[in-house]
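Trainee: Supplied structure: target-v4.txt, compact mmCIF, C-alpha atoms.
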```txt
# COMPACT_ATOMS: atom_id res chain seq x y z
CA MET V 1 102.69 -1.50 80.11
CA SER V 2 103.56 2.13 79.59
CA SER V 3 100.97 4.85 79.24
CA LYS V 4 103.49 7.67 79.19
CA PRO V 5 103.56 9.86 76.09
CA SER V 6 105.75 8.33 73.40
CA THR V 7 107.21 11.69 72.33
CA PRO V 8 110.35 12.91 74.09
CA ALA V 9 109.76 15.34 76.93
CA ARG V 10 111.83 17.43 79.23
CA GLU V 11 112.97 15.88 82.50
CA GLY V 12 110.98 18.52 84.28
CA SER V 13 109.50 21.96 83.77
CA LEU V 14 111.43 24.98 84.99
CA GLU V 15 108.36 27.17 84.69
CA ALA V 16 106.04 27.96 87.57
CA PRO V 17 103.26 25.37 87.99
CA THR V 18 100.00 26.22 86.26
CA ARG V 19 96.87 24.99 88.01
CA HIS V 20 93.94 24.22 85.74
CA PRO V 21 90.35 24.54 86.95
CA VAL V 22 88.53 21.37 88.01
CA ALA V 23 85.98 20.51 85.31
CA TRP V 24 83.77 18.68 87.76
CA LYS V 25 80.51 19.49 85.96
CA ASP V 26 81.75 18.01 82.71
CA PRO V 27 80.05 14.57 82.21
CA GLU V 28 83.48 13.14 81.36
CA PHE V 29 84.66 13.91 84.90
CA LEU V 30 82.66 11.00 86.34
CA ASN V 31 83.04 8.65 83.39
CA GLU V 32 84.50 5.46 84.87
CA GLU V 33 86.43 4.37 81.79
CA SER V 34 87.93 7.83 81.32
CA LEU V 35 88.81 8.07 85.01
CA PHE V 36 90.66 4.75 85.10
CA LYS V 37 92.48 5.56 81.87
CA GLU V 38 93.81 8.74 83.50
CA LEU V 39 94.62 6.92 86.75
CA GLU V 40 96.67 4.40 84.79
CA ARG V 41 98.46 7.12 82.84
CA VAL V 42 99.42 9.15 85.92
CA PHE V 43 100.21 6.14 88.13
CA ASP V 44 102.59 4.85 85.45
CA ILE V 45 104.36 8.21 85.32
CA CYS V 46 104.63 8.24 89.12
CA HIS V 47 106.01 4.68 89.05
CA GLY V 48 108.78 5.77 86.68
CA CYS V 49 109.66 8.83 88.78
CA ARG V 50 109.06 8.01 92.49
CA ARG V 51 110.20 11.41 93.77
CA CYS V 52 107.14 11.61 96.04
CA PHE V 53 107.81 8.36 97.94
CA SER V 54 108.45 10.25 101.18
CA LEU V 55 105.24 12.29 101.22
CA CYS V 56 101.85 10.76 102.03
CA ASN V 57 101.09 7.04 102.05
CA SER V 58 99.45 7.13 98.60
CA PHE V 59 102.78 6.76 96.90
CA PRO V 60 104.25 3.89 98.98
CA THR V 61 100.91 2.10 98.58
CA LEU V 62 101.15 2.43 94.80
CA PHE V 63 104.85 1.63 94.52
CA ASP V 64 104.69 -1.40 96.85
CA ALA V 65 101.77 -2.81 94.89
CA ILE V 66 103.69 -2.44 91.63
CA ASP V 67 106.88 -3.95 93.06
CA GLU V 68 104.98 -6.92 94.48
CA SER V 69 102.94 -7.55 91.32
CA SER V 70 103.60 -10.43 88.95
CA THR V 71 104.93 -8.13 86.23
CA GLY V 72 106.66 -5.49 88.34
CA GLU V 73 104.67 -2.92 86.36
CA LEU V 74 101.32 -1.21 86.78
CA ASP V 75 99.55 -3.70 84.53
CA GLY V 76 100.10 -6.35 87.22
CA VAL V 77 98.24 -4.36 89.90
CA ASP V 78 94.61 -5.10 90.76
CA ARG V 79 92.43 -2.04 90.23
CA LYS V 80 91.14 -2.42 93.79
CA VAL V 81 94.52 -1.09 94.92
CA TYR V 82 93.80 2.14 93.05
CA TRP V 83 91.13 2.95 95.64
CA ASN V 84 93.63 2.41 98.45
CA VAL V 85 95.89 4.97 96.79
CA VAL V 86 92.96 7.38 96.54
CA ASP V 87 91.95 6.88 100.17
CA HIS V 88 95.45 7.66 101.42
CA CYS V 89 95.48 11.03 99.62
CA TYR V 90 94.31 13.89 101.83
CA LEU V 91 94.72 16.60 99.17
CA CYS V 92 97.56 18.46 100.85
CA ASP V 93 98.96 19.46 97.42
CA MET V 94 102.56 19.02 98.54
CA CYS V 95 103.37 16.62 95.68
CA TYR V 96 102.10 19.14 93.16
CA MET V 97 103.80 22.16 94.73
CA THR V 98 107.14 20.77 95.85
CA LYS V 99 108.03 17.47 94.20
CA CYS V 100 106.46 16.66 90.85
CA PRO V 101 108.49 17.77 87.77
CA TYR V 102 105.62 16.93 85.41
CA VAL V 103 102.96 19.41 86.53
CA PRO V 104 101.58 21.75 83.87
CA PRO V 105 102.89 23.46 81.78
CA HIS V 106 104.89 20.24 81.28
CA PRO V 107 103.25 18.33 78.39
CA TRP V 108 102.54 15.31 80.62
CA ASN V 109 100.15 17.53 82.59
CA VAL V 110 100.25 15.62 85.89
CA ASP V 111 98.06 16.96 88.67
CA PHE V 112 97.97 14.11 91.17
CA PRO V 113 95.80 15.87 93.81
CA HIS V 114 93.16 16.87 91.27
CA LEU V 115 93.10 13.34 89.88
CA MET V 116 92.60 12.03 93.42
CA LEU V 117 89.79 14.57 93.90
CA ARG V 118 88.17 13.28 90.71
CA ALA V 119 88.42 9.72 91.98
CA LYS V 120 87.07 10.69 95.40
CA THR V 121 84.12 12.39 93.70
CA PHE V 122 83.43 9.27 91.63
CA LYS V 123 83.64 7.11 94.74
CA PHE V 124 81.32 9.43 96.70
CA LYS V 125 78.78 9.26 93.90
CA ASN V 126 78.95 5.54 93.20
CA GLN V 127 79.97 3.74 96.38
CA PRO V 128 78.47 3.65 99.90
CA VAL V 129 79.73 6.40 102.21
CA ARG V 130 80.45 5.47 105.83
CA THR V 131 78.37 7.20 108.48
CA ARG V 132 81.65 8.10 110.21
CA ASP V 133 82.87 9.98 107.16
CA ARG V 134 79.61 11.89 106.76
CA ILE V 135 79.73 12.92 110.42
CA LEU V 136 83.38 13.98 110.38
CA SER V 137 82.83 16.11 107.29
CA ALA V 138 79.72 17.85 108.68
CA THR V 139 81.72 20.10 110.98
CA ASP V 140 79.28 23.00 111.26
CA ARG V 141 76.26 20.74 111.82
CA VAL V 142 78.06 18.64 114.42
CA GLY V 143 79.38 21.76 116.10
CA SER V 144 75.95 23.38 116.33
CA ILE V 145 74.60 20.28 118.11
CA ALA V 146 77.66 19.51 120.24
CA GLY V 147 77.89 23.19 121.18
CA ILE V 148 74.55 23.19 123.01
CA PRO V 149 75.53 23.82 126.67
CA VAL V 150 74.45 20.55 128.31
CA ILE V 151 75.39 18.47 125.27
CA ALA V 152 78.83 20.09 125.07
CA GLU V 153 79.59 19.09 128.64
CA MET V 154 78.45 15.53 127.99
CA VAL V 155 80.39 15.19 124.72
CA ASN V 156 83.58 16.55 126.27
CA ALA V 157 83.26 14.33 129.33
CA ILE V 158 82.66 11.17 127.29
CA ALA V 159 85.61 11.96 125.03
CA LYS V 160 87.94 12.07 128.06
CA THR V 161 87.12 8.57 129.29
CA ASP V 162 88.59 5.27 128.10
CA ALA V 163 85.11 3.80 127.82
CA GLY V 164 83.89 6.73 125.75
CA ARG V 165 86.84 6.57 123.38
CA SER V 166 86.47 2.80 123.05
CA LEU V 167 82.81 3.28 122.11
CA MET V 168 83.72 5.93 119.52
CA ASP V 169 86.33 3.60 118.07
CA LYS V 170 83.94 0.66 117.76
CA ALA V 171 80.86 2.61 116.66
CA LEU V 172 82.41 5.25 114.39
CA GLY V 173 85.96 4.15 113.67
CA VAL V 174 87.52 7.17 115.41
CA HIS V 175 90.79 5.91 116.86
CA ARG V 176 90.84 5.98 120.65
CA GLN V 177 94.28 7.66 120.78
CA ALA V 178 93.68 10.25 118.08
CA PRO V 179 93.28 13.82 119.33
CA ILE V 180 89.72 15.07 119.08
CA PRO V 181 88.71 18.63 119.94
CA GLU V 182 86.53 19.85 122.77
CA TYR V 183 83.32 21.75 122.06
CA HIS V 184 82.55 25.12 123.61
CA SER V 185 78.98 26.25 124.14
CA ARG V 186 80.20 29.84 124.46
CA SER V 187 81.46 30.10 120.91
CA TYR V 188 83.54 32.96 119.57
CA ARG V 189 80.60 34.25 117.57
CA LYS V 190 78.63 34.59 120.83
CA ARG V 191 81.53 36.48 122.44
CA HIS V 192 82.41 38.87 119.63
CA ARG V 193 81.56 42.54 119.83
CA ASP V 194 82.46 45.00 117.08
CA LYS V 195 84.89 47.70 118.13
CA ALA V 196 85.13 50.85 116.02
CA ILE V 197 88.70 51.53 114.89
CA GLU V 198 89.89 54.07 112.34
CA ALA V 199 91.20 51.94 109.48
CA GLN V 200 94.57 52.73 107.90
CA PRO V 201 95.04 51.19 104.44
CA ALA V 202 98.56 50.01 103.56
CA GLY V 203 99.55 48.33 100.32
CA GLU V 204 97.14 45.49 99.63
CA THR V 205 95.64 45.73 103.13
CA ARG V 206 92.79 48.04 103.98
CA GLY V 207 93.05 47.89 107.77
CA ARG V 208 89.55 46.42 108.16
CA VAL V 209 89.04 42.66 108.25
CA VAL V 210 86.11 40.28 108.28
CA LEU V 211 87.11 37.39 110.48
CA PHE V 212 85.76 34.17 108.99
CA THR V 213 85.68 32.35 112.30
CA THR V 214 85.64 28.75 110.86
CA CYS V 215 83.89 25.78 112.43
CA TYR V 216 86.96 24.88 114.47
CA GLY V 217 87.83 28.42 115.53
CA ASN V 218 84.26 29.17 116.54
CA ARG V 219 83.31 26.03 118.47
CA ASN V 220 86.45 24.02 119.26
CA GLU V 221 89.12 26.61 120.08
CA PRO V 222 87.40 30.00 120.24
CA ASP V 223 90.47 31.45 121.96
CA LEU V 224 92.19 31.35 118.55
CA ASN V 225 89.79 34.00 117.31
CA GLU V 226 89.98 35.87 120.61
CA ASP V 227 93.77 36.06 120.26
CA LEU V 228 93.59 37.11 116.61
CA THR V 229 91.05 39.83 117.36
CA ALA V 230 93.06 41.18 120.30
CA ILE V 231 96.26 41.31 118.20
CA PHE V 232 94.62 42.95 115.22
CA GLU V 233 92.78 45.55 117.28
CA HIS V 234 95.99 46.27 119.21
CA ASN V 235 97.53 47.10 115.83
CA GLY V 236 94.71 49.41 114.76
CA ILE V 237 92.94 46.90 112.53
CA GLU V 238 89.15 46.85 112.73
CA VAL V 239 87.64 43.34 113.07
CA THR V 240 84.08 42.27 112.34
CA ILE V 241 82.29 39.00 111.59
CA LEU V 242 79.52 37.96 109.22
CA ARG V 243 76.03 37.73 110.61
CA GLN V 244 76.07 34.05 109.60
CA GLU V 245 78.64 31.70 108.11
CA LYS V 246 78.82 28.08 107.04
CA CYS V 247 81.72 25.63 106.86
CA CYS V 248 84.29 26.61 104.22
CA GLY V 249 83.87 23.18 102.61
CA MET V 250 87.34 21.68 103.07
CA PRO V 251 86.09 18.55 104.93
CA LYS V 252 83.64 17.94 102.07
CA LEU V 253 86.49 18.32 99.57
CA GLU V 254 88.37 15.49 101.29
CA LEU V 255 85.25 13.36 100.92
CA GLY V 256 84.69 14.26 97.25
CA ASP V 257 81.26 15.76 98.01
CA LEU V 258 81.45 18.66 95.56
CA GLU V 259 77.72 19.37 95.48
CA SER V 260 77.76 20.09 99.23
CA ILE V 261 80.71 22.42 98.63
CA GLU V 262 78.63 24.30 96.08
CA ARG V 263 75.82 24.73 98.62
CA LEU V 264 78.27 26.00 101.24
CA LYS V 265 79.84 28.33 98.68
CA ASP V 266 76.41 29.71 97.82
CA ALA V 267 75.85 30.48 101.51
CA ASN V 268 79.25 32.09 102.22
CA ILE V 269 80.47 33.83 99.09
CA PRO V 270 77.69 36.41 98.57
CA ALA V 271 78.06 37.71 102.14
CA LEU V 272 81.87 37.75 101.97
CA ALA V 273 81.92 39.40 98.55
CA ALA V 274 79.52 42.09 99.78
CA LYS V 275 81.92 42.93 102.63
CA VAL V 276 84.85 43.01 100.19
CA ASP V 277 82.90 45.47 98.05
CA GLU V 278 82.36 47.60 101.17
CA GLY V 279 86.13 47.83 101.69
CA TRP V 280 86.93 44.90 103.98
CA ASP V 281 89.69 42.27 103.77
CA ILE V 282 89.16 38.71 105.06
CA VAL V 283 91.22 36.51 107.38
CA THR V 284 90.68 33.08 108.92
CA PRO V 285 92.61 31.46 111.80
CA ILE V 286 92.88 28.04 110.07
CA PRO V 287 95.23 27.52 107.07
CA SER V 288 92.95 24.92 105.46
CA CYS V 289 90.01 27.32 105.46
CA THR V 290 92.15 30.13 104.08
CA LEU V 291 93.35 27.80 101.32
CA MET V 292 89.78 26.79 100.51
CA PHE V 293 88.90 30.38 99.65
CA LYS V 294 92.26 31.24 98.08
CA GLN V 295 92.62 28.18 95.85
CA GLU V 296 90.03 25.41 95.95
CA LEU V 297 86.83 27.40 95.41
CA PRO V 298 88.34 29.49 92.59
CA LEU V 299 89.44 26.27 90.85
CA LEU V 300 86.03 24.65 91.32
CA PHE V 301 84.09 27.76 90.26
CA PRO V 302 86.46 29.62 87.90
CA GLN V 303 83.74 31.62 86.15
CA GLU V 304 82.29 33.20 89.30
CA ASN V 305 83.45 36.76 89.80
CA ALA V 306 82.35 36.87 93.45
CA VAL V 307 84.55 33.86 94.23
CA ALA V 308 87.52 35.64 92.64
CA ARG V 309 86.86 38.84 94.60
CA VAL V 310 86.83 36.87 97.86
CA ARG V 311 90.03 35.05 96.83
CA ASP V 312 91.81 38.33 96.20
CA ALA V 313 90.79 39.73 99.59
CA MET V 314 91.67 36.61 101.60
CA PHE V 315 94.73 36.63 103.88
CA ASP V 316 96.50 34.37 106.33
CA PRO V 317 96.69 36.29 109.66
CA PHE V 318 100.49 36.47 109.71
CA GLU V 319 100.60 37.34 106.01
CA TYR V 320 98.37 40.29 106.89
CA LEU V 321 100.44 41.33 109.89
CA TRP V 322 103.68 41.13 107.91
CA ALA V 323 102.22 43.41 105.22
CA ARG V 324 101.28 45.89 107.94
CA TYR V 325 104.77 45.65 109.44
CA LYS V 326 106.37 46.37 106.07
CA ALA V 327 104.19 49.46 105.85
CA GLY V 328 105.24 50.61 109.32
CA LEU V 329 101.80 49.95 110.83
CA MET V 330 102.53 47.01 113.13
CA LYS V 331 103.51 47.65 116.73
CA THR V 332 106.84 46.12 117.70
CA ASP V 333 107.01 47.12 121.36
CA PHE V 334 106.90 43.70 123.00
CA PRO V 335 107.12 43.73 126.79
CA GLY V 336 106.96 39.92 126.92
CA ARG V 337 109.39 37.26 125.71
CA ILE V 338 108.64 33.85 124.22
CA GLY V 339 112.18 32.42 123.93
CA LYS V 340 112.87 29.42 121.73
CA VAL V 341 110.02 28.14 119.57
CA SER V 342 109.84 24.84 117.68
CA TYR V 343 107.52 25.85 114.84
CA HIS V 344 105.71 23.38 112.58
CA VAL V 345 104.73 24.90 109.21
CA ALA V 346 101.34 23.46 108.25
CA CYS V 347 101.12 21.91 104.76
CA HIS V 348 98.05 23.95 103.79
CA LEU V 349 100.03 27.05 104.67
CA ARG V 350 103.11 25.97 102.74
CA VAL V 351 101.17 25.47 99.52
CA GLN V 352 99.92 29.08 99.69
CA ASN V 353 103.46 30.17 98.70
CA LEU V 354 103.59 32.94 101.30
CA GLY V 355 107.03 32.21 102.64
CA LEU V 356 107.47 31.82 106.39
CA LYS V 357 105.47 34.85 107.48
CA THR V 358 104.54 33.37 110.87
CA ARG V 359 108.22 32.82 111.65
CA ASP V 360 109.11 36.30 110.39
CA VAL V 361 106.51 38.00 112.59
CA LEU V 362 107.49 35.99 115.68
CA MET V 363 111.14 36.85 115.06
CA LEU V 364 110.25 40.53 115.53
CA ILE V 365 109.93 39.71 119.24
CA PRO V 366 113.34 40.35 120.87
CA ASP V 367 115.38 37.35 122.02
CA THR V 368 113.25 34.94 120.00
CA GLN V 369 114.60 31.86 118.23
CA VAL V 370 112.31 30.02 115.81
CA ASP V 371 113.17 26.59 114.43
CA ALA V 372 110.87 26.01 111.43
CA ILE V 373 109.89 22.41 110.62
CA GLU V 374 108.59 22.07 107.07
CA ARG V 375 107.21 18.54 107.16
CA CYS V 376 103.78 16.97 107.45
CA SER V 377 102.42 16.34 110.95
CA GLY V 378 100.31 13.43 109.72
CA HIS V 379 97.00 14.80 110.98
CA ASN V 380 95.69 15.92 107.60
CA GLY V 381 92.09 16.89 108.19
CA THR V 382 90.05 13.85 109.20
CA TYR V 383 92.69 11.34 108.05
CA GLY V 384 94.62 11.13 111.31
CA VAL V 385 91.59 10.45 113.52
CA LYS V 386 90.30 7.48 111.51
CA HIS V 387 91.02 4.08 113.05
CA GLU V 388 92.43 2.56 109.87
CA TYR V 389 94.87 5.44 109.24
CA ARG V 390 96.00 6.43 112.73
CA ASP V 391 99.20 4.35 112.73
CA VAL V 392 100.15 5.58 109.26
CA SER V 393 99.45 9.18 110.27
CA MET V 394 101.78 8.85 113.25
CA LYS V 395 104.47 7.35 111.02
CA ILE V 396 104.14 10.33 108.67
CA GLY V 397 104.36 12.76 111.59
CA LYS V 398 107.20 10.97 113.38
CA PRO V 399 110.02 13.19 111.99
CA VAL V 400 108.15 16.30 113.15
CA ILE V 401 107.44 14.82 116.57
CA ARG V 402 111.09 13.82 116.92
CA ARG V 403 112.28 17.33 116.02
CA VAL V 404 109.92 18.88 118.57
CA ASN V 405 110.83 16.32 121.23
CA ASP V 406 114.56 16.89 120.76
CA ALA V 407 114.38 20.67 120.55
CA THR V 408 113.70 21.28 124.26
CA ALA V 409 112.19 24.61 123.22
CA ASP V 410 110.19 26.91 125.46
CA HIS V 411 107.20 26.40 123.18
CA TYR V 412 106.21 24.36 120.17
CA SER V 413 103.63 25.67 117.79
CA SER V 414 101.78 25.12 114.51
CA ASP V 415 99.54 27.40 112.45
CA CYS V 416 97.18 24.42 112.24
CA PRO V 417 95.85 23.73 115.77
CA MET V 418 94.87 20.19 114.79
CA ALA V 419 98.43 19.49 113.64
CA GLY V 420 99.64 20.87 116.95
CA HIS V 421 97.53 18.37 118.87
CA GLN V 422 98.66 15.56 116.58
CA ILE V 423 102.24 16.38 117.59
CA GLU V 424 101.15 16.54 121.24
CA SER V 425 99.72 13.03 121.04
CA GLY V 426 103.13 11.67 119.99
CA LEU V 427 105.35 13.54 122.44
CA GLU V 428 106.82 11.73 125.41
CA SER V 429 105.78 14.62 127.68
CA HIS V 430 102.36 15.20 126.03
CA LYS V 431 103.09 18.90 126.47
CA ALA V 432 100.36 21.01 124.87
CA PRO V 433 101.14 23.24 121.86
CA THR V 434 100.91 27.02 121.96
CA HIS V 435 99.44 28.53 118.81
CA PRO V 436 101.49 31.30 117.11
CA LEU V 437 98.66 33.77 117.69
CA ARG V 438 98.80 33.07 121.42
CA LEU V 439 102.59 33.45 121.41
CA LEU V 440 102.28 36.85 119.75
CA ARG V 441 99.58 37.93 122.16
CA LEU V 442 101.73 36.84 125.12
CA ALA V 443 104.60 38.92 123.77
CA TYR V 444 102.31 41.94 123.45
CA GLY V 445 101.05 41.40 126.98
CA ILE V 446 97.45 42.07 126.00
```
So that I can check it, write out the structure of this file as structure tokens.
Mentor:
Amino acid sequence: MSSKPSTPAREGSLEAPTRHPVAWKDPEFLNEESLFKELERVFDICHGCRRCFSLCNSFPTLFDAIDESSTGELDGVDRKVYWNVVDHCYLCDMCYMTKCPYVPPHPWNVDFPHLMLRAKTFKFKNQPVRTRDRILSATDRVGSIAGIPVIAEMVNAIAKTDAGRSLMDKALGVHRQAPIPEYHSRSYRKRHRDKAIEAQPAGETRGRVVLFTTCYGNRNEPDLNEDLTAIFEHNGIEVTILRQEKCCGMPKLELGDLESIERLKDANIPALAAKVDEGWDIVTPIPSCTLMFKQELPLLFPQENAVARVRDAMFDPFEYLWARYKAGLMKTDFPGRIGKVSYHVACHLRVQNLGLKTRDVLMLIPDTQVDAIERCSGHNGTYGVKHEYRDVSMKIGKPVIRRVNDATADHYSSDCPMAGHQIESGLESHKAPTHPLRLLRLAYGI
């Protein structure tokens, strides 16, 4: 069976990819017959191409099922396998951005991640959702409970014992060897104090930033935000936070829970847009959260002007610092040295098309060598902690882990702290990662 267009088409488009908005409120979006028709069309195109075989496990799952079918074509594959393909997609967008020659404006109009999002949304609406998945995607709610002082100590202690991890594996399906974060009762938002600094605009930057602290950066590794704030203030950039913030919504996107994303958007966007209108830029310490505001929310809510204003004011921290450096407003007197760094480039940073700004900023430090690794770590949001996907996630991340293990660098680092700990879990030495923000702060000696 072939569902490809019958008219001749180019081998691939040489034009820049065009991302269409997600029409998730259109009744056709959740129409089962329409969904499976599109799944069959796109899967058949992927079967004939196979350029993405080395990315996530969605593609090997699909291709193996086709190869092992009675016909050797998609029409021989049980539709139940389609859901396995969907479940292995963690919406990293790497197939769309780096591999697929048939993305729009090509007439075949293949957007594999958005099709997987559509299928995940259908599944969320029409099939039972595991308690584990609801818990893992409720990052701000879990953090607010686990961050209570006595509870935080108990949660962290249990998570460090074999018995505790065994219980979490059996009860929730969280793999006992997967890295899980600690919770801090003294969150970054409790620590932060505004410090008045005279802002100096430069290019697209205004020298004043709202730090969207993120669930992870606030409760799990508040030192990330501490380091970012210290670096920015050292460079004459004023830093403030919102009075309140909710999860950016990325964990809910992975689940296909788009209505929860809308509620989170309604809580965050008005406050962020108001700060943008007052003359503030926005940064977050987590690439996935930055991407949520830069790309995912604008594609889900394309008609909302406030969402677009937030998108246009959103920066990755090292993107922001590099812009300040180019304008002559970043300090480059580094009393410290960091040496050789094995640097993993997070997928959700790569798809922002910023170039290697983290590497470029770190290379401003004298005597620094940065080896950039542009491959997936295998962590991928909640994917790598789930019992059924842990082994696959480690297989995906193995080339990165090998590169780090063989590099014998002074430090290894990733913009995504969760990816860093995924690498740590596979290293022979189990040496901990050092986040790029911490490396820069060490070099500044502040």
Trainee: Which residue is closest to Tyr412 (chain V)? Choose from V:Tyr320, V:Trp83, V:Tyr343, V:Trp24 and count all atoms listed in the file.
Mentor: V:Tyr343
Trainee: With all atoms listed in the file as the basis for distance, which of V:Thr139, V:Gln200, V:Thr290, V:Ser166 is at the shortest distance from Tyr183 (chain V)?
Mentor: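 Comparing V:Thr139, V:Gln200, V:Thr290, V:Ser166 against Tyr183 (chain V), the winner is V:Thr139.
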Trainee: Please determine, counting all atoms listed in the file, which residue among V:Leu117, V:Val155, V:Met394, V:Leu437 has the shortest atom-to-atom distance to Ser425 (chain V).
Mentor: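 The shortest atom-to-atom distance to Ser425 (chain V) comes from V:Met394.
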Trainee: Excluding Thr332 (chain V) and any residue of its chain fewer than 3 positions from it, enumerate the residues within 12 Å of it, using all atoms listed in the file, and give them as a list in words.
Mentor: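 The contact residues come out as Ile231, His234, Asn235, Leu321, Trp322, Arg324, Tyr325, Lys326, Gly328, Leu329, Pro335, Gly336, Val361, Leu362, Met363, Leu364, Ile365, Pro366, Leu440, Arg441, Ala443, Tyr444 and Gly445 of chain V.
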Trainee: Tell me, as a list in words, which residues lie within 8 Å of Tyr90 (chain V), counting all atoms listed in the file; anything in the same chain fewer than 3 positions away does not count.
Mentor: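 In the requested form, the answer reads Asp87, Glu254, Asn380, Gly381 and Tyr383 of chain V.
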Trainee: Hey, which of V:Asp26, V:Thr382, V:Pro149, V:Thr71 ends up closest to Arg186 (chain V)? Count all atoms listed in the file.
Mentor: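 Residue with the minimum atom-to-atom distance to Arg186 (chain V): V:Pro149.
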Trainee: Using Å and a single decimal, report how far CA of Met314 (chain V) sits from CA of Phe293 (chain V).
Mentor: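 Interatomic distance here is 7.1 Å.
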Trainee: Which residue gives the smallest distance to Phe53 (chain V) among V:Leu291, V:Arg208, V:Gly355, V:Met94, with all atoms listed in the file counted?
Mentor: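 The answer is V:Met94, which sits nearest to Phe53 (chain V).
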Trainee: Pick the closest to His435 (chain V) from V:Leu224, V:Leu354, V:Leu30, V:Leu349: which is it, counting only C-alpha atoms?
Mentor: V:Leu224
Trainee: Please compute the CA of Ala138 (chain V)-CA of Gly256 (chain V) distance, one decimal, in Å.
Mentor: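 Going from CA of Ala138 (chain V) over to CA of Gly256 (chain V) covers 13.0 Å.
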Trainee: In file coordinates, which residues lie within 12 Å of (81.1, 28.9, 95.7) using all atoms listed in the file, given as a PyMOL selection string?
Mentor: chain V and resi 246-249+258-273+292-311
Trainee: May I have the residues within 7 Å of Gly384 (chain V) as number ranges by chain, using only C-alpha atoms and disregarding those fewer than 5 positions away in the same chain?
Mentor: V: 178, 378-379, 389-390, 393
Trainee: Could you jot down the CA of Ser377 (chain V) to CA of Asn353 (chain V) separation for me, Å, one decimal place?
Mentor: 18.5 Å
Trainee: Would you pick out the contacts of Val174 (chain V) at 8 Å or less, using all atoms listed in the file, so that residues sharing its chain but fewer than 6 positions from it are not included, and give the list as a list in words?
Mentor: Arg132, Met168, Val385, Lys386 and His387 of chain V
Trainee: As a list in words, please: the residues near His47 (chain V) (cut-off 8 Å, all atoms listed in the file, same-chain neighbours under 3 positions excluded).
Mentor: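 Non-adjacent residues within range: Phe43, Asp44, Arg50, Leu62, Phe63, Ile66 and Leu74 of chain V.
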Trainee: Please save C-alpha atoms of the selected residues as a PDB file, keeping the file's coordinate frame.
Mentor:
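Dumped everything to again24.pdb:
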```
ATOM      1  CA  PHE V  43     100.210   6.140  88.130  1.00  0.00           C
ATOM      2  CA  ASP V  44     102.590   4.850  85.450  1.00  0.00           C
ATOM      3  CA  ARG V  50     109.060   8.010  92.490  1.00  0.00           C
ATOM      4  CA  LEU V  62     101.150   2.430  94.800  1.00  0.00           C
ATOM      5  CA  PHE V  63     104.850   1.630  94.520  1.00  0.00           C
ATOM      6  CA  ILE V  66     103.690  -2.440  91.630  1.00  0.00           C
ATOM      7  CA  LEU V  74     101.320  -1.210  86.780  1.00  0.00           C
TER       8      LEU V  74
END
```
Trainee: Could you check which residues have any atom within 10 Å of (94.1, 35.0, 119.5), counting all atoms listed in the file with coordinates taken straight from the file, and then list them as a ChimeraX atom specification?
Mentor: /V:217,221-232,285,435-442
